[in-house]
Every structure is written in C-alpha cells, then in structure tokens.
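**Q** The structure follows.
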Amino acid sequence: MKEAIIKEIVEKVFEKAKTECPKHSRYALSNHIAEFTSISAKTIERLYDKYLEKRGSIGDQNEYTINDLCKYLGYNSYADYVKQNRKGKISINVNNGEEKKNWKVLAAVSLVLVVGLILGLSEKSKEPKCMVWRIDHYEKTDCSTSYMENIIPLDEVRLQTFKKVKVNISCNFFDETTGKPMKWYYKSGNTIEFYTAPGLHPVNGKTLKAITEHIIDKYVPIHTYEASSFTQ
C-alpha cells in the first residue's frame, strides 16, 4: 500500500467524520470513527497524529485497518478505493494527452494551410498581368517586358476574342438574327485589316470601324487566297 494513498484515505475519513460529529476535536472524531469501524479509537488517534498533524511514530498499517477505513468511506476495500479514484485521474491524463495530440494535429494542419496559401499567392503573383500584340493576336506577358513592345494591361476577354483575320466573301460579317456586325476593320491607304472585335487598333491605337456592305463589296475578295489562313 502506498503511503500517499493511505494519507489521502485518512484525511477523507476525518473529513467525513466532521460532517457527522458535532465536535471536531481529535479525541471526539477518533471515537466517532471507532463506533463505525472495528478499529480502536487509540489507533485512529495515532493515524490522526501521523497523517494530519505529521507527528507521532506509528508504524505501517495493516491491510485490515486500511480496508476498514475504506469501508467507512463507502468502498469495499483499499483496492476498490484505488480503482475508483485513480480511474478518474488516469482518464484526465488520457484526455489531456488527447488534447495535446489534437492541438499538435491542428497546429500542423494550420501550418500546411498557411504555407499552401502563401505559396498559392506567390504563384498567383507570378502570373502575367499584361498582354502584348503578336502579329495577329494578343499573348500574356510580364509587365516589365521591353518598352519597345506595345504592352497593355491584361484583359482576359480581349485576349480570347480579339484577333486580326483574313476574310473572303464566304465569311459571316453580320449576325443573322440581329444584323449587327461581326467584323471590324482598319483602313490606311490601300491597306485594309479585319478584326474579330471592336476597339482600338493594337499597334497605332486608332479606333476600328464596323464592317459595312460597301466595304465588303469593295475590299473583301471573292475567292479565298489561303483557305487555311481565313477565320470565320
């Protein structure tokens, strides 16, 4: 039997006795406890001296005495007392361990998420934010590209829909339902260029004009020069 547990039992025995006995002197409490156990009042007084007053020289207690004190507290025996009381402490330790484990897992997951977010933002920040005109279409590019190129802020819609195209008489120039133009042009001298969307000329910044029947009749070739190069 462990001394620490015996001390705990003795303290609880006297605490209980104080709730039952009107007098709380060492003598009165010891006699009260003796009435409810088979232990002599003298032995109980010596237990009081050793474990509560921390004086006296009482030797190790036999199993019978401690079992009797446990029965006074409502337990079947010393073993029953230890089982029921230590079970709670073990459970607390286990829970604390689980809480620590869960905290570590949560911390690890949070760290992974934060790192992932940082990396994601970092990668996103590396994505091109500008676009540049290349022959007949726009391409994404870094905004710090050579100043000699015609770089403009990235416009995803214009990037996908604005292109320079070659046309022939078989192209669809107007929407069949609304009649609105589907091609725009830029003319300089005898040179004419056709585009798939309205806006500014990608090189000189001039405003493009909507296609007309007159322009089609005068400038759109009847035959396809290079079938593979024409875009509807």
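In the structure tokens, chains take letters A, B, ... by order of appearance, with residues numbered from 1 within each chain and ligands from 1 in the order shown.
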Env of segment 149-162 of chain A: 7 Å cut, atoms = only C-alpha atoms, seq-sep filter 4 positions within chain, self excluded. Answer as a PyMOL selection string.

**A** chain A and resi 129-133+137-139+195-197+203

**Q** Taking only C-alpha atoms into account, name the residue in A:Asp68, A:Asp175, A:Asp80, A:Asp60 that is nearest to Lys2 of chain A.

**A**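 Nearest candidate to Lys2 of chain A out of A:Asp68, A:Asp175, A:Asp80, A:Asp60: A:Asp60.
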
**Q** Using only C-alpha atoms, can you tell me which of A:Ile118, A:Glu11, A:Lys163, A:Glu20 comes closest to Arg134 of chain A?

**A**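 For Arg134 of chain A, the nearest of the candidates is A:Lys163.
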
**Q** Could you check how far atom CA of Gly199 of chain A sits from atom CA of Lys164 of chain A, in Å to one decimal?

**A**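 Between atom CA of Gly199 of chain A and atom CA of Lys164 of chain A the gap is 12.0 Å.
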
**Q** For Ile169 of chain A, list every protein, DNA or RNA residue within 7 Å, evaluated using only C-alpha atoms, and leave out those in the same chain fewer than 5 positions away; present the list as a ChimeraX atom specification.

**A** /A:220-222
